[in-house]
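Enquirer: entry-v7.cif is reproduced below (mmCIF, C-alpha atoms; chains and numbers go by the auth columns).
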data_model
#
loop_
_atom_site.group_PDB
_atom_site.id
_atom_site.type_symbol
_atom_site.label_atom_id
_atom_site.label_comp_id
_atom_site.label_asym_id
_atom_site.label_seq_id
_atom_site.Cartn_x
_atom_site.Cartn_y
_atom_site.Cartn_z
_atom_site.B_iso_or_equiv
_atom_site.auth_seq_id
_atom_site.auth_asym_id
ATOM 1 C CA MET A 1 31.419 -33.759 -73.557 0.00 24 P
ATOM 2 C CA PRO A 2 32.650 -31.498 -70.821 0.00 25 P
ATOM 3 C CA ARG A 3 33.144 -32.885 -67.387 0.00 26 P
ATOM 4 C CA PRO A 4 30.945 -31.317 -64.659 0.00 27 P
ATOM 5 C CA ARG A 5 32.866 -29.203 -62.219 0.00 28 P
ATOM 6 C CA CYS A 6 32.328 -29.760 -58.575 0.00 29 P
ATOM 7 C CA SER A 7 32.692 -27.166 -55.959 0.00 30 P
ATOM 8 C CA PRO A 8 36.028 -27.187 -54.136 0.00 31 P
ATOM 9 C CA ALA A 9 34.074 -27.294 -50.836 0.00 32 P
ATOM 10 C CA LEU A 10 32.218 -30.497 -51.719 0.00 33 P
ATOM 11 C CA PRO A 11 35.015 -32.937 -50.734 0.00 34 P
ATOM 12 C CA ALA A 12 35.421 -31.110 -47.420 0.00 35 P
ATOM 13 C CA LEU A 13 31.680 -31.364 -46.708 0.00 36 P
ATOM 14 C CA LEU A 14 31.627 -35.070 -47.496 0.00 37 P
ATOM 15 C CA ALA A 15 34.603 -35.663 -45.205 0.00 38 P
ATOM 16 C CA ALA A 16 32.943 -33.714 -42.363 0.00 39 P
ATOM 17 C CA ALA A 17 29.713 -35.708 -42.775 0.00 40 P
ATOM 18 C CA ALA A 18 31.660 -38.989 -42.577 0.00 41 P
ATOM 19 C CA LEU A 19 33.449 -37.858 -39.411 0.00 42 P
ATOM 20 C CA VAL A 20 30.196 -36.793 -37.704 0.00 43 P
ATOM 21 C CA ALA A 21 28.565 -40.143 -38.566 0.00 44 P
ATOM 22 C CA ALA A 22 31.465 -41.943 -36.910 0.00 45 P
ATOM 23 C CA CYS A 23 30.991 -40.005 -33.647 0.00 46 P
ATOM 24 C CA THR A 24 27.836 -41.836 -32.549 0.00 47 P
ATOM 25 C CA PRO A 25 28.277 -43.290 -29.040 0.00 48 P
ATOM 26 C CA GLU A 26 27.735 -46.962 -28.527 0.00 49 P
ATOM 27 C CA GLY A 27 25.232 -48.488 -26.119 0.00 50 P
ATOM 28 C CA THR A 28 21.468 -48.865 -25.641 0.00 51 P
ATOM 29 C CA PHE A 29 19.198 -45.875 -25.999 0.00 52 P
ATOM 30 C CA PRO A 30 15.626 -45.309 -24.780 0.00 53 P
ATOM 31 C CA SER A 31 12.906 -46.146 -27.236 0.00 54 P
ATOM 32 C CA LEU A 32 11.382 -43.342 -29.231 0.00 55 P
ATOM 33 C CA ALA A 33 7.999 -45.062 -29.145 0.00 56 P
ATOM 34 C CA ARG A 34 5.066 -43.178 -27.560 0.00 57 P
ATOM 35 C CA ARG A 35 4.824 -43.603 -23.815 0.00 58 P
ATOM 36 C CA PRO A 36 1.448 -44.237 -22.129 0.00 59 P
ATOM 37 C CA ILE A 37 1.266 -40.681 -20.791 0.00 60 P
ATOM 38 C CA GLU A 38 1.795 -39.353 -24.303 0.00 61 P
ATOM 39 C CA ARG A 39 -1.249 -41.299 -25.526 0.00 62 P
ATOM 40 C CA GLU A 40 -3.594 -39.342 -23.233 0.00 63 P
ATOM 41 C CA ASP A 41 -5.350 -36.260 -24.604 0.00 64 P
ATOM 42 C CA PRO A 42 -4.131 -33.283 -22.534 0.00 65 P
ATOM 43 C CA LEU A 43 -7.260 -31.280 -23.479 0.00 66 P
ATOM 44 C CA GLU A 44 -9.717 -33.926 -22.341 0.00 67 P
ATOM 45 C CA GLU A 45 -11.386 -33.142 -19.044 0.00 68 P
ATOM 46 C CA PRO A 46 -10.633 -35.816 -16.458 0.00 69 P
ATOM 47 C CA VAL A 47 -13.610 -37.770 -15.130 0.00 70 P
ATOM 48 C CA ARG A 48 -14.468 -36.603 -11.652 0.00 71 P
ATOM 49 C CA ALA A 49 -17.146 -37.858 -9.347 0.00 72 P
ATOM 50 C CA PRO A 50 -19.652 -35.148 -8.433 0.00 73 P
ATOM 51 C CA PRO A 51 -19.321 -33.980 -4.863 0.00 74 P
ATOM 52 C CA VAL A 52 -21.911 -35.238 -2.435 0.00 75 P
ATOM 53 C CA VAL A 53 -23.689 -32.172 -1.097 0.00 76 P
ATOM 54 C CA ALA A 54 -26.276 -32.220 1.646 0.00 77 P
ATOM 55 C CA ALA A 55 -29.711 -30.821 0.887 0.00 78 P
ATOM 56 C CA GLU A 56 -30.382 -27.250 1.991 0.00 79 P
ATOM 57 C CA PRO A 57 -34.082 -26.860 2.792 0.00 80 P
ATOM 58 C CA ALA A 58 -33.600 -23.078 2.855 0.00 81 P
ATOM 59 C CA LEU A 59 -32.786 -23.081 -0.878 0.00 82 P
ATOM 60 C CA THR A 60 -35.918 -25.001 -1.803 0.00 83 P
ATOM 61 C CA SER A 61 -37.940 -22.741 0.486 0.00 84 P
ATOM 62 C CA GLN A 62 -36.418 -19.626 -1.094 0.00 85 P
ATOM 63 C CA ALA A 63 -37.191 -20.872 -4.608 0.00 86 P
ATOM 64 C CA ALA A 64 -40.780 -21.712 -3.589 0.00 87 P
ATOM 65 C CA SER A 65 -41.208 -18.277 -2.000 0.00 88 P
ATOM 66 C CA LEU A 66 -39.933 -16.505 -5.108 0.00 89 P
ATOM 67 C CA LEU A 67 -42.201 -18.606 -7.314 0.00 90 P
ATOM 68 C CA ALA A 68 -45.173 -17.716 -5.074 0.00 91 P
ATOM 69 C CA GLU A 69 -44.262 -14.044 -5.531 0.00 92 P
ATOM 70 C CA ALA A 70 -44.143 -14.519 -9.314 0.00 93 P
ATOM 71 C CA ARG A 71 -47.576 -16.204 -9.271 0.00 94 P
ATOM 72 C CA ARG A 72 -48.998 -13.437 -7.067 0.00 95 P
ATOM 73 C CA GLY A 73 -47.607 -10.881 -9.494 0.00 96 P
ATOM 74 C CA ASN A 74 -49.176 -12.765 -12.375 0.00 97 P
ATOM 75 C CA GLY A 75 -52.542 -12.585 -10.591 0.00 98 P
ATOM 76 C CA GLU A 76 -52.114 -8.831 -10.194 0.00 99 P
ATOM 77 C CA PHE A 77 -51.172 -8.587 -13.849 0.00 100 P
ATOM 78 C CA GLU A 78 -54.272 -10.547 -14.929 0.00 101 P
ATOM 79 C CA ALA A 79 -56.491 -8.285 -12.770 0.00 102 P
ATOM 80 C CA ALA A 80 -54.912 -5.129 -14.232 0.00 103 P
ATOM 81 C CA LEU A 81 -55.295 -6.572 -17.721 0.00 104 P
ATOM 82 C CA ALA A 82 -59.006 -7.222 -17.141 0.00 105 P
ATOM 83 C CA GLY A 83 -59.412 -3.705 -15.705 0.00 106 P
ATOM 84 C CA ALA A 84 -57.783 -2.169 -18.764 0.00 107 P
ATOM 85 C CA ALA A 85 -60.041 -3.985 -21.213 0.00 108 P
ATOM 86 C CA ALA A 86 -62.686 -1.235 -21.298 0.00 109 P
ATOM 87 C CA ALA A 87 -60.145 1.515 -21.952 0.00 110 P
ATOM 88 C CA LEU A 88 -58.502 -0.526 -24.684 0.00 111 P
ATOM 89 C CA ARG A 89 -61.693 -1.405 -26.619 0.00 112 P
ATOM 90 C CA ASP A 90 -61.674 1.908 -28.456 0.00 113 P
ATOM 91 C CA PRO A 91 -58.354 3.699 -27.829 0.00 114 P
ATOM 92 C CA GLY A 92 -59.185 6.537 -30.246 0.00 115 P
ATOM 93 C CA ALA A 93 -56.809 8.572 -32.341 0.00 116 P
ATOM 94 C CA PRO A 94 -53.340 9.437 -31.026 0.00 117 P
ATOM 95 C CA GLY A 95 -53.557 12.457 -28.735 0.00 118 P
ATOM 96 C CA SER A 96 -57.273 12.092 -28.041 0.00 119 P
ATOM 97 C CA GLU A 97 -58.698 11.711 -24.535 0.00 120 P
ATOM 98 C CA ALA A 98 -59.530 8.022 -25.177 0.00 121 P
ATOM 99 C CA TRP A 99 -55.977 7.407 -26.436 0.00 122 P
ATOM 100 C CA VAL A 100 -54.481 8.955 -23.255 0.00 123 P
ATOM 101 C CA VAL A 101 -56.771 6.809 -21.093 0.00 124 P
ATOM 102 C CA ALA A 102 -55.669 3.702 -23.048 0.00 125 P
ATOM 103 C CA GLN A 103 -51.998 4.629 -22.597 0.00 126 P
ATOM 104 C CA GLN A 104 -52.552 5.029 -18.847 0.00 127 P
ATOM 105 C CA ALA A 105 -54.269 1.632 -18.727 0.00 128 P
ATOM 106 C CA ILE A 106 -51.289 0.043 -20.493 0.00 129 P
ATOM 107 C CA SER A 107 -48.962 1.701 -17.957 0.00 130 P
ATOM 108 C CA ARG A 108 -50.992 0.250 -15.055 0.00 131 P
ATOM 109 C CA VAL A 109 -50.838 -3.218 -16.627 0.00 132 P
ATOM 110 C CA GLU A 110 -47.082 -2.832 -17.151 0.00 133 P
ATOM 111 C CA ALA A 111 -46.604 -1.768 -13.523 0.00 134 P
ATOM 112 C CA ALA A 112 -48.520 -4.854 -12.381 0.00 135 P
ATOM 113 C CA ARG A 113 -45.733 -6.987 -13.893 0.00 136 P
ATOM 114 C CA THR A 114 -43.233 -5.751 -11.294 0.00 137 P
ATOM 115 C CA PRO A 115 -43.610 -8.566 -8.717 0.00 138 P
ATOM 116 C CA THR A 116 -43.273 -11.260 -11.390 0.00 139 P
ATOM 117 C CA MET A 117 -40.250 -9.621 -12.976 0.00 140 P
ATOM 118 C CA ARG A 118 -38.596 -9.048 -9.581 0.00 141 P
ATOM 119 C CA ALA A 119 -39.133 -12.707 -8.615 0.00 142 P
ATOM 120 C CA LEU A 120 -37.822 -13.828 -12.015 0.00 143 P
ATOM 121 C CA ALA A 121 -34.672 -11.730 -11.574 0.00 144 P
ATOM 122 C CA GLU A 122 -34.093 -13.148 -8.076 0.00 145 P
ATOM 123 C CA LEU A 123 -34.610 -16.728 -9.257 0.00 146 P
ATOM 124 C CA ASP A 124 -32.182 -16.140 -12.115 0.00 147 P
ATOM 125 C CA ARG A 125 -29.635 -14.675 -9.690 0.00 148 P
ATOM 126 C CA LEU A 126 -30.095 -17.611 -7.322 0.00 149 P
ATOM 127 C CA ALA A 127 -29.697 -20.167 -10.127 0.00 150 P
ATOM 128 C CA THR A 128 -26.583 -18.426 -11.441 0.00 151 P
ATOM 129 C CA GLU A 129 -25.071 -18.153 -7.976 0.00 152 P
ATOM 130 C CA ARG A 130 -25.762 -21.800 -7.100 0.00 153 P
ATOM 131 C CA ALA A 131 -24.505 -23.058 -10.474 0.00 154 P
ATOM 132 C CA GLY A 132 -21.024 -21.956 -9.452 0.00 155 P
ATOM 133 C CA THR A 133 -21.067 -23.612 -6.030 0.00 156 P
ATOM 134 C CA PRO A 134 -21.625 -27.225 -4.982 0.00 157 P
ATOM 135 C CA THR A 135 -25.387 -27.632 -4.643 0.00 158 P
ATOM 136 C CA ASN A 136 -27.541 -30.651 -3.934 0.00 159 P
ATOM 137 C CA GLU A 137 -29.069 -31.852 -7.204 0.00 160 P
ATOM 138 C CA SER A 138 -32.643 -31.871 -5.894 0.00 161 P
ATOM 139 C CA ASP A 139 -32.227 -28.328 -4.534 0.00 162 P
ATOM 140 C CA PHE A 140 -30.869 -27.130 -7.860 0.00 163 P
ATOM 141 C CA ALA A 141 -33.698 -28.912 -9.705 0.00 164 P
ATOM 142 C CA ALA A 142 -36.228 -27.038 -7.526 0.00 165 P
ATOM 143 C CA ILE A 143 -34.537 -23.729 -8.359 0.00 166 P
ATOM 144 C CA ARG A 144 -34.510 -24.549 -12.085 0.00 167 P
ATOM 145 C CA ALA A 145 -38.186 -25.596 -12.022 0.00 168 P
ATOM 146 C CA ALA A 146 -39.205 -22.384 -10.233 0.00 169 P
ATOM 147 C CA LEU A 147 -37.138 -20.347 -12.689 0.00 170 P
ATOM 148 C CA ALA A 148 -38.729 -22.101 -15.678 0.00 171 P
ATOM 149 C CA GLU A 149 -42.248 -21.397 -14.419 0.00 172 P
ATOM 150 C CA ALA A 150 -41.429 -17.762 -13.646 0.00 173 P
ATOM 151 C CA GLU A 151 -39.983 -17.404 -17.166 0.00 174 P
ATOM 152 C CA ARG A 152 -43.175 -18.913 -18.605 0.00 175 P
ATOM 153 C CA LEU A 153 -45.326 -16.446 -16.636 0.00 176 P
ATOM 154 C CA ALA A 154 -43.170 -13.481 -17.721 0.00 177 P
ATOM 155 C CA ALA A 155 -43.265 -14.599 -21.363 0.00 178 P
ATOM 156 C CA GLY A 156 -47.070 -14.807 -21.245 0.00 179 P
ATOM 157 C CA GLN A 157 -47.235 -11.327 -19.755 0.00 180 P
ATOM 158 C CA GLN A 158 -44.927 -10.037 -22.480 0.00 181 P
ATOM 159 C CA ARG A 159 -47.195 -11.486 -25.195 0.00 182 P
ATOM 160 C CA HIS A 160 -50.167 -9.655 -23.646 0.00 183 P
ATOM 161 C CA MET A 161 -48.199 -6.413 -23.455 0.00 184 P
ATOM 162 C CA ASP A 162 -47.139 -6.698 -27.089 0.00 185 P
ATOM 163 C CA ARG A 163 -50.770 -7.273 -28.098 0.00 186 P
ATOM 164 C CA LEU A 164 -51.946 -4.261 -26.053 0.00 187 P
ATOM 165 C CA ARG A 165 -49.319 -1.955 -27.482 0.00 188 P
ATOM 166 C CA GLY A 166 -50.144 -3.129 -30.993 0.00 189 P
ATOM 167 C CA ALA A 167 -53.854 -2.383 -30.427 0.00 190 P
ATOM 168 C CA VAL A 168 -53.210 1.233 -29.469 0.00 191 P
ATOM 169 C CA ARG A 169 -52.132 3.372 -32.421 0.00 192 P
ATOM 170 C CA ARG A 170 -49.104 5.530 -31.831 0.00 193 P
#
Kindly return the structure encoded in the file as structure tokens.

Expert:
Amino acid sequence: MPRPRCSPALPALLAAAALVAACTPEGTFPSLARRPIEREDPLEEPVRAPPVVAAEPALTSQAASLLAEARRGNGEFEAALAGAAAALRDPGAPGSEAWVVAQQAISRVEAARTPTMRALAELDRLATERAGTPTNESDFAAIRAALAEAERLAAGQQRHMDRLRGAVRR
């Protein structure tokens, strides 16, 4: 059986490895165990106490005023909707006189939505603006409540508009 040949560089590599192993300095070394700071999750948000912010009566007043505008606009919308009922009973064929009158009635009802939609946009802007700045919790709750009601009013108006448009043939 033939004897395996080893590379001529193998003895030199083994000798170099032995020399490097003997070069380790003596003494105590720091532990490689995890330190307390290394146990913390660097991506976890630290717990912070919310800032104490004084109430701003002007914010609550502004939210209430905008909500009153949205409600007033909803009243105008309901009145325009009732006024358009006669024109929308029989809208006629597209292009007919009755159809044009029905389209005009829908436009008047749509225009009556303006105050509600304007108030909704302002409440949304106010809520977005105050979400990024320290705001008293009760003030922010008043803004959110006014925004929610304005959204509810606008959604109801949109359902009526969809129904009206569906009733009039294109």

Enquirer: Between atom CA of Arg175 of chain P and atom CA of Leu187 of chain P, measure the distance and give it in Å to one decimal.

Expert: 18.6 Å

Enquirer: So the first atom is atom CA of Pro117 of chain P and the second is atom CA of Ala103 of chain P; what is the distance between them in Å, to one decimal place?

Expert: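 These two atoms are separated by 22.3 Å.
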
Enquirer: So which residues fall inside 12 Å of (-26.1, -20.1, -10.3) if we count only C-alpha atoms? Mind giving them as a VMD selection string?

Expert: chain P and resid 82 145 to 158 162 to 164 166 to 167 170

Enquirer: Write the selection just made, keeping C-alpha atoms, as a CSV table (one decimal), in the frame of the given file?

Expert:
chain,number,residue,atom,x,y,z
P,82,LEU,CA,-32.8,-23.1,-0.9
P,145,GLU,CA,-34.1,-13.1,-8.1
P,146,LEU,CA,-34.6,-16.7,-9.3
P,147,ASP,CA,-32.2,-16.1,-12.1
P,148,ARG,CA,-29.6,-14.7,-9.7
P,149,LEU,CA,-30.1,-17.6,-7.3
P,150,ALA,CA,-29.7,-20.2,-10.1
P,151,THR,CA,-26.6,-18.4,-11.4
P,152,GLU,CA,-25.1,-18.2,-8.0
P,153,ARG,CA,-25.8,-21.8,-7.1
P,154,ALA,CA,-24.5,-23.1,-10.5
P,155,GLY,CA,-21.0,-22.0,-9.5
P,156,THR,CA,-21.1,-23.6,-6.0
P,157,PRO,CA,-21.6,-27.2,-5.0
P,158,THR,CA,-25.4,-27.6,-4.6
P,162,ASP,CA,-32.2,-28.3,-4.5
P,163,PHE,CA,-30.9,-27.1,-7.9
P,164,ALA,CA,-33.7,-28.9,-9.7
P,166,ILE,CA,-34.5,-23.7,-8.4
P,167,ARG,CA,-34.5,-24.5,-12.1
P,170,LEU,CA,-37.1,-20.3,-12.7

Enquirer: List the residues matched by the PyMOL selection byres ((chain P and resi 106) around 12) in the displayed structure as a PyMOL selection string, ordered by chain and then by residue number.

Expert: chain P and resi 99-105+107-112+125+127-132+135

Enquirer: Can you list what the PyMOL selection byres ((chain P and resi 85) around 10) grabs from this structure, as a PyMOL selection string?

Expert: chain P and resi 80-84+86-91+145-146+149+165-166+169

Enquirer: Once the PyMOL selection byres ((chain P and resi 138) around 9) is applied to the coordinates I shared, what remains selected? I want it as a list of chain:residue names.

Expert: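 Listing what the PyMOL selection byres ((chain P and resi 138) around 9) selects in the shown file: P:Glu92, P:Ala93, P:Arg94, P:Arg95, P:Gly96, P:Asn97, P:Glu99, P:Ala134, P:Ala135, P:Arg136, P:Thr137, P:Thr139, P:Met140, P:Arg141, P:Ala142, P:Leu143.
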